[in-house]
Every structure is written in C-alpha cells, then in structure tokens.
$ cat structure.cif   # mmCIF, C-alpha atoms
data_structure
loop_
_atom_site.label_atom_id
_atom_site.label_comp_id
_atom_site.auth_asym_id
_atom_site.auth_seq_id
_atom_site.Cartn_x
_atom_site.Cartn_y
_atom_site.Cartn_z
CA MET A 1 -6.44 -23.04 -18.42
CA PHE A 2 -4.03 -21.17 -20.70
CA ILE A 3 -4.43 -18.69 -23.55
CA GLU A 4 -1.37 -18.04 -25.72
CA GLY A 5 1.03 -18.91 -22.91
CA SER A 6 -0.82 -16.91 -20.27
CA GLU A 7 -2.48 -18.46 -17.28
CA LEU A 8 -6.15 -17.66 -16.90
CA ILE A 9 -7.06 -17.27 -13.23
CA PRO A 10 -10.29 -16.29 -11.52
CA ARG A 11 -10.66 -12.59 -10.70
CA LYS A 12 -10.76 -13.31 -6.96
CA TRP A 13 -7.39 -15.07 -7.16
CA ALA A 14 -5.91 -12.27 -9.25
CA LYS A 15 -7.03 -9.70 -6.67
CA ALA A 16 -5.54 -11.77 -3.83
CA ARG A 17 -2.25 -12.17 -5.75
CA PHE A 18 -2.13 -8.40 -6.46
CA ARG A 19 -2.72 -7.60 -2.77
CA ARG A 20 -0.19 -10.17 -1.57
CA SER A 21 2.48 -8.78 -3.94
CA ILE A 22 2.17 -5.32 -2.36
CA LEU A 23 2.23 -6.73 1.17
CA ASP A 24 5.32 -8.76 0.26
CA GLU A 25 7.09 -5.63 -1.07
CA PHE A 26 6.65 -3.97 2.32
CA GLY A 27 7.61 -7.09 4.28
CA HIS A 28 4.11 -7.32 5.77
CA ARG A 29 4.79 -4.14 7.75
CA CYS A 30 2.94 -0.82 7.70
CA ALA A 31 4.63 1.58 5.29
CA TYR A 32 3.95 4.41 7.74
CA CYS A 33 4.38 3.24 11.37
CA ASP A 34 6.31 0.02 10.62
CA ALA A 35 3.88 -2.11 12.67
CA GLU A 36 3.71 -5.79 11.81
CA LEU A 37 0.63 -6.49 9.70
CA THR A 38 -1.62 -9.27 10.91
CA ALA A 39 -4.83 -10.79 9.60
CA GLY A 40 -6.87 -8.37 11.71
CA ASN A 41 -5.13 -5.09 10.90
CA THR A 42 -3.95 -5.33 7.29
CA THR A 43 -5.13 -2.82 4.70
CA LEU A 44 -3.81 -1.21 1.55
CA ASP A 45 -3.71 2.59 1.55
CA HIS A 46 -4.07 4.81 -1.49
CA VAL A 47 -1.05 7.12 -1.11
CA LYS A 48 -2.86 9.67 -3.26
CA PRO A 49 -6.41 9.29 -1.89
CA LYS A 50 -9.16 8.13 -4.21
CA ALA A 51 -11.11 11.20 -3.07
CA LYS A 52 -8.32 13.33 -4.60
CA GLY A 53 -8.16 11.41 -7.88
CA GLY A 54 -5.80 8.61 -6.80
CA GLN A 55 -6.08 5.39 -8.75
CA THR A 56 -6.23 1.82 -7.50
CA GLU A 57 -2.95 0.81 -9.08
CA ARG A 58 0.16 -0.81 -7.70
CA GLN A 59 2.24 2.40 -7.54
CA ASN A 60 -0.45 4.20 -5.53
CA LEU A 61 -1.01 1.48 -2.92
CA VAL A 62 1.10 0.72 0.14
CA ALA A 63 0.81 -1.89 2.86
CA CYS A 64 -0.80 -0.18 5.81
CA CYS A 65 -2.21 -0.99 9.24
CA ALA A 66 -5.88 -0.22 9.81
CA ARG A 67 -5.01 2.44 12.40
CA CYS A 68 -2.78 4.47 10.06
CA ASN A 69 -5.22 4.08 7.18
CA GLY A 70 -8.05 5.42 9.34
CA LEU A 71 -5.98 8.30 10.71
CA LYS A 72 -4.68 9.36 7.30
CA GLY A 73 -8.07 9.29 5.60
CA ALA A 74 -8.01 11.52 2.50
CA GLN A 75 -5.09 13.67 3.64
CA PRO A 76 -2.00 14.05 1.45
CA PHE A 77 0.47 11.41 2.64
CA ARG A 78 3.52 13.68 3.12
CA GLU A 79 1.61 16.26 5.16
CA TRP A 80 -0.04 13.60 7.32
CA PHE A 81 3.02 11.36 7.67
CA ARG A 82 5.38 14.17 8.70
CA SER A 83 3.03 15.15 11.53
CA GLN A 84 3.11 11.65 13.06
CA PRO A 85 5.39 10.75 16.01
CA PHE A 86 6.54 7.65 14.11
CA TRP A 87 7.62 9.63 11.01
CA SER A 88 10.86 8.41 9.53
CA ALA A 89 12.83 9.98 6.69
CA GLU A 90 13.86 6.48 5.61
CA ARG A 91 10.25 5.22 5.38
CA GLU A 92 9.17 8.41 3.61
CA ALA A 93 11.95 7.92 1.05
CA SER A 94 10.89 4.27 0.63
CA ILE A 95 7.30 5.32 -0.10
CA GLU A 96 8.53 8.00 -2.52
CA ARG A 97 10.59 5.40 -4.43
CA TRP A 98 7.58 3.08 -4.54
CA ILE A 99 5.18 5.67 -5.97
CA THR A 100 7.53 7.05 -8.62
#
$ encode --input "structure.cif" --output "structure tokens"
Amino acid sequence: MFIEGSELIPRKWAKARFRRSILDEFGHRCAYCDAELTAGNTTLDHVKPKAKGGQTERQNLVACCARCNGLKGAQPFREWFRSQPFWSAEREASIERWIT
C-alpha cells in the first residue's frame, strides 16, 4: 500500500525496523561493554533515562546488552560508564557523536 510515494507499513513492522536500524548502527554490539548482542540479551538503552526526561527517539537510544542496561538503570550515562571496568574513551566518544 502506498500514499503519495510513501510505503504504508504496520506499526509492528515500523517498530522492528526502527529497532533494527539502531542495532545495525552499533554493529549488534553493546555500546557500553562491546559484548556481542544475541537474541537473548539485546536491549535498547535510553542514554538520557526516561525517568530523567529522556525521550524514546533515535538519538537517545543505543544498542545495549541486558546486563549493562540493568546496571545503568536511571543513572547518567557518563557517570555510570566511566565507573565501569570496561570503560573506553573511544566508545564514550562514539556514544557522544550518536546522541548529538
């Protein structure tokens, strides 16, 4: 189905496409610890937590493993990330570029 040159797709498909596009941007690896994301551990993390006013929009979501997402919770990403043993200046810079 098309409307003025645009493809009309079901909401469920649009959501899956949106999610997949973010995972693809991060190479299906956790933005924080760099773990490979699998069917059982893949999440999207709100860099600025929803509890702190963060929006569910592409620039505020990163590919994330379930473990990191649970550990980070509603903490500010820089503060939390820098305290982790897997912190990397390169990954922090990558996240910064993504969210700006």
$ resolve_selection --input "structure.cif" --expression "the PyMOL selection byres ((chain A and resi 88-96) around 9)" --output "count of residues only"
16
$ residues_around --input "structure.cif" --residues "Glu25 of chain A" --least-positions-apart "3" --cutoff "12 Å" --atoms "only C-alpha atoms" --output "MDAnalysis selection string"
chainID A and resid 18:22 28:31 58:59 61:64 94:95 98
$ atom_distance --input "structure.cif" --atom1 "atom CA of Ala16 of chain A" --atom2 "atom CA of Ala39 of chain A"
13.5 Å
$ atom_distance --input "structure.cif" --atom1 "atom CA of Pro49 of chain A" --atom2 "atom CA of Gly73 of chain A"
7.7 Å
$ residues_around --input "structure.cif" --residues "Gly40 of chain A" --least-positions-apart "2" --cutoff "10 Å" --atoms "all atoms listed in the file" --output "PyMOL selection string"
chain A and resi 37-38+42-43+65-66
$ residues_near_point --input "structure.cif" --point "(-7.1, 8.4, 3.2)" --cutoff "10 Å" --atoms "all atoms listed in the file" --output "ChimeraX atom specification"
/A:45-52,68-77,80
$ atom_distance --input "structure.cif" --atom1 "atom CA of Gly27 of chain A" --atom2 "atom CA of Asn41 of chain A"
14.5 Å
$ build_atoms --input "structure.cif" --residues "segment 68-79 of chain A" --atoms "all heavy atoms" --output "PDB file, keeping the file's coordinate frame"
ATOM      1  N   CYS A  68      -3.351   3.400  10.891  1.00  0.00           N
ATOM      2  CA  CYS A  68      -2.780   4.470  10.060  1.00  0.00           C
ATOM      3  C   CYS A  68      -3.714   4.832   8.912  1.00  0.00           C
ATOM      4  O   CYS A  68      -3.887   6.011   8.593  1.00  0.00           O
ATOM      5  CB  CYS A  68      -1.408   4.073   9.526  1.00  0.00           C
ATOM      6  SG  CYS A  68      -0.086   4.169  10.767  1.00  0.00           S
ATOM      7  N   ASN A  69      -4.315   3.825   8.291  1.00  0.00           N
ATOM      8  CA  ASN A  69      -5.220   4.080   7.180  1.00  0.00           C
ATOM      9  C   ASN A  69      -6.389   4.952   7.639  1.00  0.00           C
ATOM     10  O   ASN A  69      -6.768   5.912   6.976  1.00  0.00           O
ATOM     11  CB  ASN A  69      -5.721   2.769   6.586  1.00  0.00           C
ATOM     12  CG  ASN A  69      -6.228   2.915   5.172  1.00  0.00           C
ATOM     13  OD1 ASN A  69      -6.551   3.997   4.725  1.00  0.00           O
ATOM     14  ND2 ASN A  69      -6.307   1.807   4.480  1.00  0.00           N
ATOM     15  N   GLY A  70      -6.943   4.641   8.812  1.00  0.00           N
ATOM     16  CA  GLY A  70      -8.050   5.420   9.340  1.00  0.00           C
ATOM     17  C   GLY A  70      -7.637   6.836   9.725  1.00  0.00           C
ATOM     18  O   GLY A  70      -8.380   7.799   9.493  1.00  0.00           O
ATOM     19  N   LEU A  71      -6.456   6.980  10.317  1.00  0.00           N
ATOM     20  CA  LEU A  71      -5.980   8.300  10.710  1.00  0.00           C
ATOM     21  C   LEU A  71      -5.654   9.179   9.507  1.00  0.00           C
ATOM     22  O   LEU A  71      -5.922  10.384   9.519  1.00  0.00           O
ATOM     23  CB  LEU A  71      -4.722   8.175  11.590  1.00  0.00           C
ATOM     24  CG  LEU A  71      -4.916   7.624  12.995  1.00  0.00           C
ATOM     25  CD1 LEU A  71      -3.569   7.355  13.656  1.00  0.00           C
ATOM     26  CD2 LEU A  71      -5.737   8.602  13.839  1.00  0.00           C
ATOM     27  N   LYS A  72      -5.066   8.584   8.485  1.00  0.00           N
ATOM     28  CA  LYS A  72      -4.680   9.360   7.300  1.00  0.00           C
ATOM     29  C   LYS A  72      -5.893   9.815   6.515  1.00  0.00           C
ATOM     30  O   LYS A  72      -5.958  10.954   6.068  1.00  0.00           O
ATOM     31  CB  LYS A  72      -3.756   8.536   6.402  1.00  0.00           C
ATOM     32  CG  LYS A  72      -3.342   9.272   5.134  1.00  0.00           C
ATOM     33  CD  LYS A  72      -2.412   8.399   4.313  1.00  0.00           C
ATOM     34  CE  LYS A  72      -2.237   8.949   2.920  1.00  0.00           C
ATOM     35  NZ  LYS A  72      -3.330   8.627   2.017  1.00  0.00           N
ATOM     36  N   GLY A  73      -6.870   8.929   6.356  1.00  0.00           N
ATOM     37  CA  GLY A  73      -8.070   9.290   5.600  1.00  0.00           C
ATOM     38  C   GLY A  73      -7.713   9.804   4.212  1.00  0.00           C
ATOM     39  O   GLY A  73      -6.920   9.201   3.497  1.00  0.00           O
ATOM     40  N   ALA A  74      -8.239  10.952   3.840  1.00  0.00           N
ATOM     41  CA  ALA A  74      -8.010  11.520   2.500  1.00  0.00           C
ATOM     42  C   ALA A  74      -6.954  12.619   2.510  1.00  0.00           C
ATOM     43  O   ALA A  74      -6.866  13.404   1.576  1.00  0.00           O
ATOM     44  CB  ALA A  74      -9.325  12.054   1.938  1.00  0.00           C
ATOM     45  N   GLN A  75      -6.130  12.656   3.563  1.00  0.00           N
ATOM     46  CA  GLN A  75      -5.090  13.670   3.640  1.00  0.00           C
ATOM     47  C   GLN A  75      -3.918  13.321   2.720  1.00  0.00           C
ATOM     48  O   GLN A  75      -3.643  12.150   2.491  1.00  0.00           O
ATOM     49  CB  GLN A  75      -4.547  13.770   5.070  1.00  0.00           C
ATOM     50  CG  GLN A  75      -5.563  14.202   6.099  1.00  0.00           C
ATOM     51  CD  GLN A  75      -4.970  14.197   7.481  1.00  0.00           C
ATOM     52  OE1 GLN A  75      -4.065  14.981   7.758  1.00  0.00           O
ATOM     53  NE2 GLN A  75      -5.450  13.302   8.335  1.00  0.00           N
ATOM     54  N   PRO A  76      -3.209  14.321   2.221  1.00  0.00           N
ATOM     55  CA  PRO A  76      -2.000  14.050   1.450  1.00  0.00           C
ATOM     56  C   PRO A  76      -0.991  13.302   2.334  1.00  0.00           C
ATOM     57  O   PRO A  76      -0.794  13.675   3.495  1.00  0.00           O
ATOM     58  CB  PRO A  76      -1.473  15.435   1.080  1.00  0.00           C
ATOM     59  CG  PRO A  76      -2.657  16.343   1.219  1.00  0.00           C
ATOM     60  CD  PRO A  76      -3.501  15.750   2.306  1.00  0.00           C
ATOM     61  N   PHE A  77      -0.355  12.272   1.804  1.00  0.00           N
ATOM     62  CA  PHE A  77       0.470  11.410   2.640  1.00  0.00           C
ATOM     63  C   PHE A  77       1.641  12.150   3.283  1.00  0.00           C
ATOM     64  O   PHE A  77       1.931  11.947   4.458  1.00  0.00           O
ATOM     65  CB  PHE A  77       0.925  10.153   1.864  1.00  0.00           C
ATOM     66  CG  PHE A  77       2.373  10.106   1.469  1.00  0.00           C
ATOM     67  CD1 PHE A  77       3.323   9.631   2.357  1.00  0.00           C
ATOM     68  CD2 PHE A  77       2.782  10.525   0.221  1.00  0.00           C
ATOM     69  CE1 PHE A  77       4.662   9.568   1.991  1.00  0.00           C
ATOM     70  CE2 PHE A  77       4.106  10.468  -0.152  1.00  0.00           C
ATOM     71  CZ  PHE A  77       5.052   9.989   0.738  1.00  0.00           C
ATOM     72  N   ARG A  78       2.351  13.005   2.549  1.00  0.00           N
ATOM     73  CA  ARG A  78       3.520  13.680   3.120  1.00  0.00           C
ATOM     74  C   ARG A  78       3.114  14.560   4.298  1.00  0.00           C
ATOM     75  O   ARG A  78       3.749  14.546   5.351  1.00  0.00           O
ATOM     76  CB  ARG A  78       4.236  14.524   2.071  1.00  0.00           C
ATOM     77  CG  ARG A  78       5.060  13.730   1.115  1.00  0.00           C
ATOM     78  CD  ARG A  78       5.654  14.617   0.012  1.00  0.00           C
ATOM     79  NE  ARG A  78       5.891  13.857  -1.193  1.00  0.00           N
ATOM     80  CZ  ARG A  78       4.981  13.577  -2.122  1.00  0.00           C
ATOM     81  NH1 ARG A  78       3.743  13.997  -2.001  1.00  0.00           N
ATOM     82  NH2 ARG A  78       5.297  12.868  -3.178  1.00  0.00           N
ATOM     83  N   GLU A  79       2.082  15.356   4.109  1.00  0.00           N
ATOM     84  CA  GLU A  79       1.610  16.260   5.160  1.00  0.00           C
ATOM     85  C   GLU A  79       1.201  15.464   6.405  1.00  0.00           C
ATOM     86  O   GLU A  79       1.591  15.796   7.522  1.00  0.00           O
ATOM     87  CB  GLU A  79       0.414  17.050   4.618  1.00  0.00           C
ATOM     88  CG  GLU A  79      -0.181  18.052   5.555  1.00  0.00           C
ATOM     89  CD  GLU A  79      -1.349  18.765   4.905  1.00  0.00           C
ATOM     90  OE1 GLU A  79      -1.181  19.310   3.790  1.00  0.00           O
ATOM     91  OE2 GLU A  79      -2.437  18.766   5.516  1.00  0.00           O
TER      92      GLU A  79
END
